[in-house]
>>> print(open('final.txt').read())   # compact mmCIF, C-alpha atoms
# COMPACT_ATOMS: atom_id res chain seq x y z
CA MET A 857 69.76 53.90 -50.57
CA ALA A 858 66.06 52.94 -50.48
CA ASP A 859 63.85 54.41 -47.86
CA PRO A 860 62.85 51.96 -45.06
CA PRO A 861 59.37 50.58 -45.21
CA ALA A 862 56.68 52.56 -43.49
CA ARG A 863 55.90 51.60 -39.91
CA GLY A 864 53.20 48.92 -39.66
CA MET A 865 53.52 47.84 -43.34
CA ASN A 866 53.77 44.07 -43.89
CA ILE A 867 56.26 43.29 -46.66
CA GLY A 868 55.99 39.49 -46.53
CA ILE A 869 54.92 37.73 -49.73
CA GLY A 870 51.25 36.61 -49.50
CA ALA A 871 50.77 38.32 -46.17
CA THR A 872 47.42 39.76 -45.24
CA PRO A 873 47.25 43.49 -45.93
CA ARG A 874 46.59 45.75 -43.00
CA THR A 875 44.17 48.57 -42.62
CA GLU A 876 45.22 51.92 -41.45
CA ALA A 877 44.44 50.85 -37.93
CA GLY A 878 46.70 47.83 -38.34
CA LYS A 879 43.88 45.28 -38.32
CA ALA A 880 42.98 42.70 -40.96
CA PRO A 881 39.73 43.42 -42.88
CA ALA A 882 36.73 41.23 -42.04
CA VAL A 883 36.20 38.27 -44.40
CA ALA A 884 32.77 38.20 -46.09
CA ALA A 885 30.47 35.41 -44.88
CA ASP A 886 30.07 32.56 -47.43
CA HIS A 887 26.40 31.87 -47.51
CA ARG A 888 23.47 32.38 -49.85
CA ASP A 889 21.60 35.62 -49.71
CA PRO A 890 18.27 34.90 -47.90
CA GLY A 891 16.48 37.24 -50.27
CA LYS A 892 17.77 35.38 -53.31
CA ALA A 893 16.80 32.02 -51.77
CA ALA A 894 13.27 33.30 -51.16
CA VAL A 895 13.01 34.49 -54.77
CA LEU A 896 14.18 31.08 -56.07
CA SER A 897 11.72 29.27 -53.80
CA GLY A 898 8.86 31.49 -54.90
CA SER A 899 9.80 30.97 -58.55
CA LEU A 900 9.76 27.18 -58.08
CA VAL A 901 6.34 27.28 -56.43
CA ARG A 902 4.93 29.44 -59.24
CA SER A 903 6.40 27.06 -61.81
CA LEU A 904 4.81 24.04 -60.10
CA VAL A 905 1.46 25.83 -59.90
CA ARG A 906 1.68 26.61 -63.62
CA ASP A 907 2.42 22.94 -64.37
CA LEU A 908 -0.57 21.79 -62.33
CA HIS A 909 -2.83 24.40 -63.92
CA ALA A 910 -1.72 23.34 -67.40
CA GLU A 911 -2.47 19.68 -66.69
CA TRP A 912 -5.83 20.51 -65.14
CA THR A 913 -6.73 22.65 -68.17
CA LYS A 914 -5.90 19.79 -70.53
CA LEU A 915 -7.90 17.30 -68.47
CA ARG A 916 -11.02 19.42 -67.96
CA THR A 917 -11.21 20.34 -71.64
CA LEU A 918 -11.32 16.70 -72.75
CA PRO A 919 -14.93 15.93 -73.78
CA SER A 920 -14.83 12.57 -71.99
CA THR A 921 -13.61 13.82 -68.62
CA TRP A 922 -16.89 15.05 -67.16
CA TRP A 923 -18.82 12.05 -68.49
CA LEU A 924 -16.32 9.71 -66.84
CA ILE A 925 -16.42 11.60 -63.55
CA ALA A 926 -20.22 11.27 -63.59
CA ALA A 927 -19.86 7.58 -64.47
CA ILE A 928 -17.59 6.98 -61.46
CA VAL A 929 -20.23 8.37 -59.11
CA VAL A 930 -23.30 6.91 -60.82
CA LEU A 931 -21.94 3.42 -61.48
CA THR A 932 -20.45 3.03 -58.00
CA THR A 933 -23.66 4.20 -56.32
CA ALA A 934 -26.07 2.34 -58.62
CA VAL A 935 -24.34 -1.04 -58.48
CA GLY A 936 -23.95 -0.73 -54.72
CA ALA A 937 -27.65 0.09 -54.40
CA LEU A 938 -28.70 -2.86 -56.57
CA THR A 939 -26.54 -5.24 -54.56
CA THR A 940 -27.68 -3.89 -51.20
CA GLY A 941 -31.33 -3.84 -52.20
CA ALA A 942 -31.19 -7.50 -53.22
CA VAL A 943 -30.32 -8.65 -49.68
CA ASP A 944 -32.61 -8.75 -46.66
CA THR A 945 -32.79 -10.47 -43.31
CA ASP A 946 -35.66 -12.74 -44.43
CA GLN A 947 -33.01 -14.95 -46.00
CA CYS A 948 -31.39 -15.60 -42.61
CA ARG A 949 -32.62 -18.40 -40.37
CA THR A 950 -31.49 -16.47 -37.31
CA ASP A 951 -30.06 -13.01 -36.69
CA ALA A 952 -26.66 -14.52 -35.95
CA SER A 953 -26.63 -16.55 -39.16
CA CYS A 954 -26.71 -13.52 -41.46
CA GLY A 955 -23.21 -12.24 -40.82
CA GLU A 956 -23.50 -9.78 -43.69
CA ASP A 957 -20.77 -7.18 -44.04
CA VAL A 958 -23.23 -4.38 -44.77
CA VAL A 959 -20.50 -1.77 -45.22
CA LYS A 960 -18.73 -3.81 -47.87
CA LEU A 961 -22.11 -4.59 -49.41
CA SER A 962 -22.94 -0.91 -49.86
CA LEU A 963 -19.53 -0.27 -51.47
CA THR A 964 -19.75 -3.19 -53.93
CA GLY A 965 -20.14 -0.73 -56.81
CA THR A 966 -16.43 0.10 -56.52
CA TRP A 967 -15.75 -3.00 -58.61
CA VAL A 968 -17.52 -1.29 -61.52
CA GLY A 969 -16.65 2.32 -60.73
CA GLN A 970 -12.94 1.56 -60.89
CA THR A 971 -13.34 0.87 -64.62
CA ALA A 972 -14.39 4.49 -65.22
CA VAL A 973 -11.42 5.67 -63.14
CA ALA A 974 -9.06 3.55 -65.24
CA VAL A 975 -10.54 4.84 -68.51
CA LEU A 976 -10.22 8.45 -67.31
CA ALA A 977 -6.53 8.00 -66.45
CA VAL A 978 -5.72 6.12 -69.65
CA LEU A 979 -7.36 8.73 -71.89
CA ALA A 980 -5.68 11.59 -70.01
CA VAL A 981 -2.25 10.19 -70.88
CA SER A 982 -2.78 8.42 -74.21
CA GLY A 983 -4.75 11.32 -75.68
CA GLU A 984 -1.61 13.47 -75.74
CA TYR A 985 0.28 10.82 -77.69
CA ALA A 986 -2.61 10.27 -80.10
CA THR A 987 -2.89 13.98 -80.97
CA GLY A 988 0.81 14.83 -80.79
CA MET A 989 0.16 17.26 -77.93
CA ILE A 990 2.88 15.51 -75.93
CA ARG A 991 5.56 17.27 -78.04
CA THR A 992 4.08 20.66 -77.18
CA THR A 993 3.88 19.68 -73.52
CA LEU A 994 7.52 18.59 -73.37
CA THR A 995 8.62 21.74 -75.18
CA ALA A 996 6.80 23.92 -72.66
CA MET A 997 7.89 21.73 -69.71
CA PRO A 998 11.21 20.11 -70.66
CA VAL A 999 11.69 18.46 -67.25
CA ARG A 1000 9.83 15.25 -67.99
CA LEU A 1001 9.47 14.05 -64.43
CA ARG A 1002 7.68 17.30 -63.61
CA VAL A 1003 5.25 16.57 -66.45
CA LEU A 1004 4.59 13.12 -65.03
CA GLY A 1005 4.29 14.43 -61.48
CA ALA A 1006 1.88 17.22 -62.41
CA LYS A 1007 -0.40 14.95 -64.43
CA ALA A 1008 -0.33 12.25 -61.74
CA ALA A 1009 -1.21 14.82 -59.07
CA VAL A 1010 -4.15 16.18 -61.09
CA LEU A 1011 -5.46 12.68 -61.84
CA ALA A 1012 -5.14 11.73 -58.17
CA ALA A 1013 -7.08 14.85 -57.11
CA VAL A 1014 -9.88 14.21 -59.62
CA ALA A 1015 -10.11 10.53 -58.64
CA ALA A 1016 -10.22 11.53 -54.96
CA ALA A 1017 -13.01 14.05 -55.55
CA ALA A 1018 -15.10 11.68 -57.67
CA GLY A 1019 -14.38 8.79 -55.31
CA THR A 1020 -15.45 10.81 -52.28
CA ALA A 1021 -18.76 11.72 -53.92
CA ALA A 1022 -19.30 8.09 -54.95
CA VAL A 1023 -18.55 6.71 -51.49
CA LEU A 1024 -20.72 9.25 -49.68
CA ALA A 1025 -23.63 8.54 -52.03
CA SER A 1026 -23.16 4.77 -51.68
CA VAL A 1027 -23.14 4.91 -47.88
CA ALA A 1028 -26.21 7.19 -47.81
CA VAL A 1029 -28.20 5.00 -50.23
CA GLY A 1030 -26.98 1.84 -48.55
CA ARG A 1031 -28.10 3.07 -45.13
CA TYR A 1032 -31.63 3.62 -46.42
CA LEU A 1033 -31.86 0.31 -48.30
CA LEU A 1034 -30.37 -1.74 -45.47
CA ILE A 1035 -32.96 -0.46 -43.02
CA GLY A 1036 -35.67 -1.37 -45.53
CA GLY A 1037 -34.15 -4.84 -45.83
CA GLY A 1038 -34.41 -5.46 -42.09
CA PHE A 1039 -30.78 -4.70 -41.14
CA THR A 1040 -31.80 -2.77 -38.05
CA ARG A 1041 -30.78 -2.65 -34.40
CA ALA A 1042 -33.45 -5.27 -33.70
CA HIS A 1043 -31.45 -7.69 -35.83
CA GLY A 1044 -28.09 -6.60 -34.44
CA TYR A 1045 -27.14 -4.08 -37.13
CA GLU A 1046 -26.39 -0.44 -36.46
CA PRO A 1047 -27.33 2.02 -39.24
CA LEU A 1048 -24.43 2.85 -41.52
CA SER A 1049 -22.57 5.90 -40.24
CA LEU A 1050 -19.20 7.42 -40.98
CA ALA A 1051 -18.89 8.10 -37.25
CA ASP A 1052 -18.33 4.35 -36.85
CA GLY A 1053 -14.61 3.49 -36.97
CA PRO A 1054 -14.70 0.47 -39.32
CA THR A 1055 -17.17 2.21 -41.65
CA ALA A 1056 -15.01 5.34 -41.81
CA ARG A 1057 -11.92 3.23 -42.53
CA ALA A 1058 -13.71 1.36 -45.33
CA ALA A 1059 -15.00 4.62 -46.84
CA PHE A 1060 -11.68 6.45 -46.65
CA GLY A 1061 -9.82 3.38 -47.86
CA THR A 1062 -12.14 3.09 -50.87
CA VAL A 1063 -11.31 6.66 -51.91
CA LEU A 1064 -7.59 5.86 -51.61
CA TYR A 1065 -8.20 2.69 -53.61
CA LEU A 1066 -9.66 4.67 -56.52
CA VAL A 1067 -6.76 7.16 -56.39
CA LEU A 1068 -4.25 4.31 -56.60
CA ILE A 1069 -6.16 2.77 -59.53
CA ALA A 1070 -5.84 6.09 -61.38
CA LEU A 1071 -2.08 6.21 -60.75
CA LEU A 1072 -1.61 2.57 -61.74
CA SER A 1073 -3.53 3.17 -64.98
CA ALA A 1074 -1.54 6.30 -65.80
CA GLY A 1075 1.75 4.49 -65.23
CA ILE A 1076 0.81 1.65 -67.57
CA THR A 1077 -0.30 4.15 -70.23
CA TRP A 1078 2.99 6.06 -70.07
CA LEU A 1079 4.68 2.73 -70.63
CA LEU A 1080 2.50 1.53 -73.55
CA ARG A 1081 1.39 4.89 -75.04
CA ASP A 1082 -1.63 3.29 -76.70
CA THR A 1083 -5.26 3.64 -75.62
CA ALA A 1084 -6.52 0.16 -76.52
CA GLY A 1085 -3.41 -1.63 -75.31
CA SER A 1086 -3.32 0.31 -72.05
CA LEU A 1087 -7.01 -0.31 -71.30
CA THR A 1088 -6.59 -4.00 -72.02
CA ALA A 1089 -3.55 -4.23 -69.74
CA VAL A 1090 -5.16 -2.26 -66.89
CA LEU A 1091 -8.51 -4.06 -66.91
CA GLY A 1092 -6.79 -7.41 -67.29
CA LEU A 1093 -4.59 -6.65 -64.29
CA LEU A 1094 -7.61 -5.60 -62.20
CA TYR A 1095 -9.99 -8.45 -63.05
CA VAL A 1096 -7.85 -11.46 -63.99
CA PHE A 1097 -6.65 -12.19 -60.45
CA PRO A 1098 -10.18 -12.36 -58.93
CA VAL A 1099 -11.39 -14.52 -61.83
CA LEU A 1100 -8.47 -16.92 -61.46
CA ALA A 1101 -9.00 -17.07 -57.70
CA SER A 1102 -12.64 -18.08 -58.25
CA LEU A 1103 -11.63 -20.83 -60.68
CA VAL A 1104 -8.87 -22.59 -58.75
CA SER A 1105 -9.89 -25.38 -56.39
CA ASP A 1106 -6.86 -25.18 -54.11
CA ASP A 1107 -7.62 -22.95 -51.12
CA LYS A 1108 -3.97 -21.99 -50.70
CA TRP A 1109 -3.68 -20.79 -54.30
CA MET A 1110 -7.00 -18.99 -54.02
CA GLU A 1111 -5.74 -17.12 -50.98
CA ARG A 1112 -2.40 -16.35 -52.62
CA LEU A 1113 -4.03 -14.91 -55.75
CA ASN A 1114 -6.27 -12.70 -53.62
CA GLU A 1115 -3.24 -11.51 -51.66
CA ILE A 1116 -1.17 -10.45 -54.66
CA GLY A 1117 -3.83 -9.19 -57.07
CA PRO A 1118 -3.98 -5.37 -57.06
CA ALA A 1119 -7.80 -5.19 -57.01
CA SER A 1120 -8.56 -8.15 -54.75
CA ALA A 1121 -5.90 -7.11 -52.25
CA GLY A 1122 -6.86 -3.44 -52.35
CA MET A 1123 -10.55 -4.16 -51.84
CA ALA A 1124 -9.71 -5.77 -48.50
CA VAL A 1125 -9.82 -2.27 -47.04
CA GLN A 1126 -13.63 -2.46 -47.27
CA THR A 1127 -13.88 -5.50 -44.98
CA THR A 1128 -15.42 -4.79 -41.58
CA VAL A 1129 -16.71 -8.24 -40.53
CA ASP A 1130 -14.78 -11.46 -39.81
CA MET A 1131 -11.46 -9.91 -40.79
CA ALA A 1132 -9.52 -12.82 -39.31
CA SER A 1133 -10.68 -15.08 -42.15
CA ALA A 1134 -9.82 -12.55 -44.88
CA PRO A 1135 -6.82 -13.41 -47.11
CA ILE A 1136 -5.11 -10.12 -46.20
CA GLY A 1137 -5.64 -7.27 -43.75
CA PRO A 1138 -7.32 -3.99 -44.78
CA TRP A 1139 -4.28 -1.71 -44.78
CA ALA A 1140 -1.88 -4.45 -45.89
CA GLY A 1141 -4.10 -5.08 -48.91
CA LEU A 1142 -4.14 -1.39 -49.77
CA GLY A 1143 -0.35 -1.45 -49.40
CA VAL A 1144 -0.15 -4.21 -52.04
CA LEU A 1145 -2.11 -2.01 -54.44
CA ALA A 1146 0.16 0.94 -53.60
CA LEU A 1147 3.18 -1.17 -54.56
CA TRP A 1148 1.55 -2.08 -57.88
CA ALA A 1149 0.81 1.61 -58.55
CA ALA A 1150 4.36 2.66 -57.62
CA GLY A 1151 5.85 -0.03 -59.84
CA CYS A 1152 3.71 0.96 -62.83
CA LEU A 1153 4.55 4.64 -62.34
CA ALA A 1154 8.26 3.79 -62.14
CA LEU A 1155 8.05 1.88 -65.43
CA GLY A 1156 6.09 4.70 -67.01
CA ALA A 1157 8.61 7.30 -65.80
CA THR A 1158 11.48 5.25 -67.22
CA ALA A 1159 9.74 5.04 -70.60
CA LEU A 1160 8.98 8.77 -70.56
CA LEU A 1161 12.63 9.63 -69.83
CA ARG A 1162 14.22 7.26 -72.33
CA ARG A 1163 11.91 7.44 -75.33
CA ASP A 1164 11.35 10.25 -77.79
CA ALA A 1165 8.00 11.99 -77.73
>>> encode(input="final.txt", output="structure tokens")
Amino acid sequence: MADPPARGMNIGIGATPRTEAGKAPAVAADHRDPGKAAVLSGSLVRSLVRDLHAEWTKLRTLPSTWWLIAAIVVLTTAVGALTTGAVDTDQCRTDASCGEDVVKLSLTGTWVGQTAVAVLAVLAVSGEYATGMIRTTLTAMPVRLRVLGAKAAVLAAVAAAAGTAAVLASVAVGRYLLIGGGFTRAHGYEPLSLADGPTARAAFGTVLYLVLIALLSAGITWLLRDTAGSLTAVLGLLYVFPVLASLVSDDKWMERLNEIGPASAGMAVQTTVDMASAPIGPWAGLGVLALWAAGCLALGATALLRRDA
């Protein structure tokens, strides 16, 4: 006859075993080890930093990059200075009849400076396809959206830095030339200053405008992958809408073209005088440009994901 089970032993099938004290063992908590999570997070950050550093290295070693950065600053400042210097209060019958938007006047060079921004972004992307470097890039960084994100971030940072220098120089030169042209307190004009709310908004908005132009240009280039074709598409998109708006005789169509064009809408952020008569508000216009940039980046990302290098 078999011995009886020991006291306190559970003989049921699937029952929880007991410890020597007759208590069930504690169940291990089901959660990620905080130390492991920190290591993974640190690894991701280091990987992103490496991606950004790689894209910055490729951009700064292009022979054209530094010339184009200089062109952004010089062209924006020079064209703004020429435009501002050509206007003075002697052309006004009365002080009230001038109505010049002196802030927008000093930032007129953005219309030319944006071309250098577009060329910089196009060459940064198309150059890799032209040389075959894109295959090396995608081998080193197989997650294609990270490649796109890193390059877009570096281009945005460079455009922001060059744009800031261009805007500060344009405002400084414009302040001097406007005073020489009679736009003084005696004629109802305060000297240009970034401490003034509308002036600061126009200056900051112009920098954002140039950043969005860089992203729009990069997106189109990822889509087309060709330098000449991408430049043609970008510059056509920027300048065709304003040209068409100046040619149409219908005021409603003129206003509509200025509202939907990426450049004409985005430039509304520079307006500081008589904003009620503008086709679109400052931030709304910049929002239109942001939508254009987002759409072009989305198309470029789709092409990058679906096509072979």
>>> residues_around(input="final.txt", residues="range 1077-1082 of chain A", least_positions_apart="2", cutoff="7 Å", atoms="only C-alpha atoms", output="VMD selection string")
chain A and resid 978 981 to 982 985 1073 to 1075 1084 to 1086 1155 to 1156 1159 to 1160
>>> atom_distance(input="final.txt", atom1="CA of Leu1004 in chain A", atom2="CA of Gly1151 in chain A")
14.2 Å
>>> atom_distance(input="final.txt", atom1="CA of Asp907 in chain A", atom2="CA of Ala1157 in chain A")
16.9 Å
>>> atom_distance(input="final.txt", atom1="CA of Ser1102 in chain A", atom2="CA of Val1063 in chain A")
25.6 Å
>>> closest_residue(input="final.txt", among="A:Ala1059, A:Leu1103, A:Val1014, A:Leu1048", to="Pro1138 in chain A", atoms="only C-alpha atoms")
A:Ala1059
>>> closest_residue(input="final.txt", among="A:Ala1119, A:Ile1076, A:Ala1134, A:Ala1089", to="Cys1152 in chain A", atoms="only C-alpha atoms")
A:Ile1076
>>> residues_near_point(input="final.txt", point="(-13.3, -1.0, -38.8)", cutoff="12 Å", atoms="all atoms listed in the file", output="list in words")
Asp957, Val959, Lys960, Ser1049, Leu1050, Ala1051, Asp1052, Gly1053, Pro1054, Thr1055, Ala1056, Arg1057, Ala1058, Ala1059, Phe1060, Gly1061, Ala1124, Val1125, Gln1126, Thr1127, Thr1128, Val1129, Asp1130, Met1131, Gly1137, Pro1138 and Trp1139 of chain A
>>> closest_residue(input="final.txt", among="A:Tyr1045, A:Gly1122, A:Thr939, A:Pro1135", to="Lys1108 in chain A", atoms="all atoms listed in the file")
A:Pro1135
>>> closest_residue(input="final.txt", among="A:Ala1101, A:Leu1034, A:Ala1150, A:Met997", to="Gly941 in chain A", atoms="only C-alpha atoms")
A:Leu1034
>>> residues_near_point(input="final.txt", point="(2.9, 4.3, -54.0)", cutoff="12 Å", atoms="only C-alpha atoms", output="PyMOL selection string")
chain A and resi 1008+1012+1064-1065+1067-1072+1075+1142-1154
>>> closest_residue(input="final.txt", among="A:Phe1039, A:Trp912, A:Trp922, A:Tyr1095", to="Val968 in chain A", atoms="only C-alpha atoms")
A:Tyr1095
>>> closest_residue(input="final.txt", among="A:Val958, A:Val930, A:Val1023, A:Ile990", to="Gly1037 in chain A", atoms="only C-alpha atoms")
A:Val958
>>> axis_aligned_box(input="final.txt", around="range 1115-1118 of chain A", padding_each_side="3 Å", output="AutoDock Vina command-line options")
--center_x -2.6 --center_y -8.4 --center_z -54.4 --size_x 8.8 --size_y 12.1 --size_z 11.4
>>> decode(input="final.txt", residues="range 1136-1147 of chain A", atoms="all heavy atoms", output="PDB file, in the first residue's frame")
ATOM      1  N   ILE A1136      -4.274  87.175 -48.830  1.00  0.00           N
ATOM      2  CA  ILE A1136      -4.275  86.156 -47.781  1.00  0.00           C
ATOM      3  C   ILE A1136      -3.475  86.671 -46.594  1.00  0.00           C
ATOM      4  O   ILE A1136      -2.582  87.510 -46.749  1.00  0.00           O
ATOM      5  CB  ILE A1136      -3.664  84.839 -48.325  1.00  0.00           C
ATOM      6  CG1 ILE A1136      -3.912  83.677 -47.363  1.00  0.00           C
ATOM      7  CG2 ILE A1136      -2.178  84.992 -48.628  1.00  0.00           C
ATOM      8  CD1 ILE A1136      -3.578  82.316 -47.965  1.00  0.00           C
ATOM      9  N   GLY A1137      -3.825  86.217 -45.398  1.00  0.00           N
ATOM     10  CA  GLY A1137      -3.146  86.668 -44.194  1.00  0.00           C
ATOM     11  C   GLY A1137      -1.717  86.153 -44.101  1.00  0.00           C
ATOM     12  O   GLY A1137      -1.350  85.179 -44.777  1.00  0.00           O
ATOM     13  N   PRO A1138      -0.893  86.774 -43.250  1.00  0.00           N
ATOM     14  CA  PRO A1138       0.527  86.392 -43.156  1.00  0.00           C
ATOM     15  C   PRO A1138       0.746  84.919 -42.807  1.00  0.00           C
ATOM     16  O   PRO A1138       1.437  84.206 -43.532  1.00  0.00           O
ATOM     17  CB  PRO A1138       1.067  87.317 -42.060  1.00  0.00           C
ATOM     18  CG  PRO A1138       0.150  88.487 -42.063  1.00  0.00           C
ATOM     19  CD  PRO A1138      -1.199  87.952 -42.411  1.00  0.00           C
ATOM     20  N   TRP A1139       0.163  84.462 -41.699  1.00  0.00           N
ATOM     21  CA  TRP A1139       0.392  83.086 -41.282  1.00  0.00           C
ATOM     22  C   TRP A1139      -0.391  82.090 -42.130  1.00  0.00           C
ATOM     23  O   TRP A1139       0.061  80.957 -42.357  1.00  0.00           O
ATOM     24  CB  TRP A1139       0.063  82.913 -39.802  1.00  0.00           C
ATOM     25  CG  TRP A1139       0.994  83.698 -38.923  1.00  0.00           C
ATOM     26  CD1 TRP A1139       0.663  84.729 -38.090  1.00  0.00           C
ATOM     27  CD2 TRP A1139       2.418  83.544 -38.802  1.00  0.00           C
ATOM     28  NE1 TRP A1139       1.782  85.215 -37.461  1.00  0.00           N
ATOM     29  CE2 TRP A1139       2.864  84.510 -37.873  1.00  0.00           C
ATOM     30  CE3 TRP A1139       3.335  82.685 -39.388  1.00  0.00           C
ATOM     31  CZ2 TRP A1139       4.208  84.632 -37.525  1.00  0.00           C
ATOM     32  CZ3 TRP A1139       4.678  82.802 -39.041  1.00  0.00           C
ATOM     33  CH2 TRP A1139       5.098  83.768 -38.115  1.00  0.00           C
ATOM     34  N   ALA A1140      -1.558  82.492 -42.605  1.00  0.00           N
ATOM     35  CA  ALA A1140      -2.321  81.615 -43.502  1.00  0.00           C
ATOM     36  C   ALA A1140      -1.544  81.376 -44.795  1.00  0.00           C
ATOM     37  O   ALA A1140      -1.506  80.264 -45.328  1.00  0.00           O
ATOM     38  CB  ALA A1140      -3.685  82.222 -43.804  1.00  0.00           C
ATOM     39  N   GLY A1141      -0.918  82.437 -45.310  1.00  0.00           N
ATOM     40  CA  GLY A1141      -0.117  82.294 -46.525  1.00  0.00           C
ATOM     41  C   GLY A1141       1.065  81.369 -46.316  1.00  0.00           C
ATOM     42  O   GLY A1141       1.377  80.532 -47.168  1.00  0.00           O
ATOM     43  N   LEU A1142       1.724  81.503 -45.159  1.00  0.00           N
ATOM     44  CA  LEU A1142       2.841  80.606 -44.869  1.00  0.00           C
ATOM     45  C   LEU A1142       2.334  79.171 -44.702  1.00  0.00           C
ATOM     46  O   LEU A1142       3.034  78.213 -45.049  1.00  0.00           O
ATOM     47  CB  LEU A1142       3.565  81.074 -43.597  1.00  0.00           C
ATOM     48  CG  LEU A1142       5.019  80.625 -43.443  1.00  0.00           C
ATOM     49  CD1 LEU A1142       5.885  81.198 -44.552  1.00  0.00           C
ATOM     50  CD2 LEU A1142       5.568  81.051 -42.086  1.00  0.00           C
ATOM     51  N   GLY A1143       1.107  79.031 -44.191  1.00  0.00           N
ATOM     52  CA  GLY A1143       0.511  77.699 -44.074  1.00  0.00           C
ATOM     53  C   GLY A1143       0.283  77.057 -45.436  1.00  0.00           C
ATOM     54  O   GLY A1143       0.446  75.841 -45.593  1.00  0.00           O
ATOM     55  N   VAL A1144      -0.101  77.865 -46.432  1.00  0.00           N
ATOM     56  CA  VAL A1144      -0.275  77.337 -47.797  1.00  0.00           C
ATOM     57  C   VAL A1144       1.049  76.790 -48.317  1.00  0.00           C
ATOM     58  O   VAL A1144       1.119  75.694 -48.886  1.00  0.00           O
ATOM     59  CB  VAL A1144      -0.821  78.433 -48.738  1.00  0.00           C
ATOM     60  CG1 VAL A1144      -0.764  77.978 -50.193  1.00  0.00           C
ATOM     61  CG2 VAL A1144      -2.254  78.803 -48.352  1.00  0.00           C
ATOM     62  N   LEU A1145       2.123  77.538 -48.107  1.00  0.00           N
ATOM     63  CA  LEU A1145       3.443  77.069 -48.528  1.00  0.00           C
ATOM     64  C   LEU A1145       3.832  75.795 -47.783  1.00  0.00           C
ATOM     65  O   LEU A1145       4.420  74.874 -48.370  1.00  0.00           O
ATOM     66  CB  LEU A1145       4.491  78.164 -48.294  1.00  0.00           C
ATOM     67  CG  LEU A1145       5.949  77.778 -48.579  1.00  0.00           C
ATOM     68  CD1 LEU A1145       6.130  77.303 -50.022  1.00  0.00           C
ATOM     69  CD2 LEU A1145       6.883  78.945 -48.275  1.00  0.00           C
ATOM     70  N   ALA A1146       3.504  75.728 -46.490  1.00  0.00           N
ATOM     71  CA  ALA A1146       3.819  74.531 -45.707  1.00  0.00           C
ATOM     72  C   ALA A1146       3.090  73.307 -46.266  1.00  0.00           C
ATOM     73  O   ALA A1146       3.648  72.202 -46.303  1.00  0.00           O
ATOM     74  CB  ALA A1146       3.446  74.743 -44.240  1.00  0.00           C
ATOM     75  N   LEU A1147       1.861  73.498 -46.718  1.00  0.00           N
ATOM     76  CA  LEU A1147       1.116  72.388 -47.330  1.00  0.00           C
ATOM     77  C   LEU A1147       1.774  71.939 -48.633  1.00  0.00           C
ATOM     78  O   LEU A1147       1.859  70.738 -48.922  1.00  0.00           O
ATOM     79  CB  LEU A1147      -0.330  72.807 -47.577  1.00  0.00           C
ATOM     80  CG  LEU A1147      -1.217  72.960 -46.330  1.00  0.00           C
ATOM     81  CD1 LEU A1147      -2.598  73.486 -46.722  1.00  0.00           C
ATOM     82  CD2 LEU A1147      -1.350  71.622 -45.604  1.00  0.00           C
TER      83      LEU A1147
END
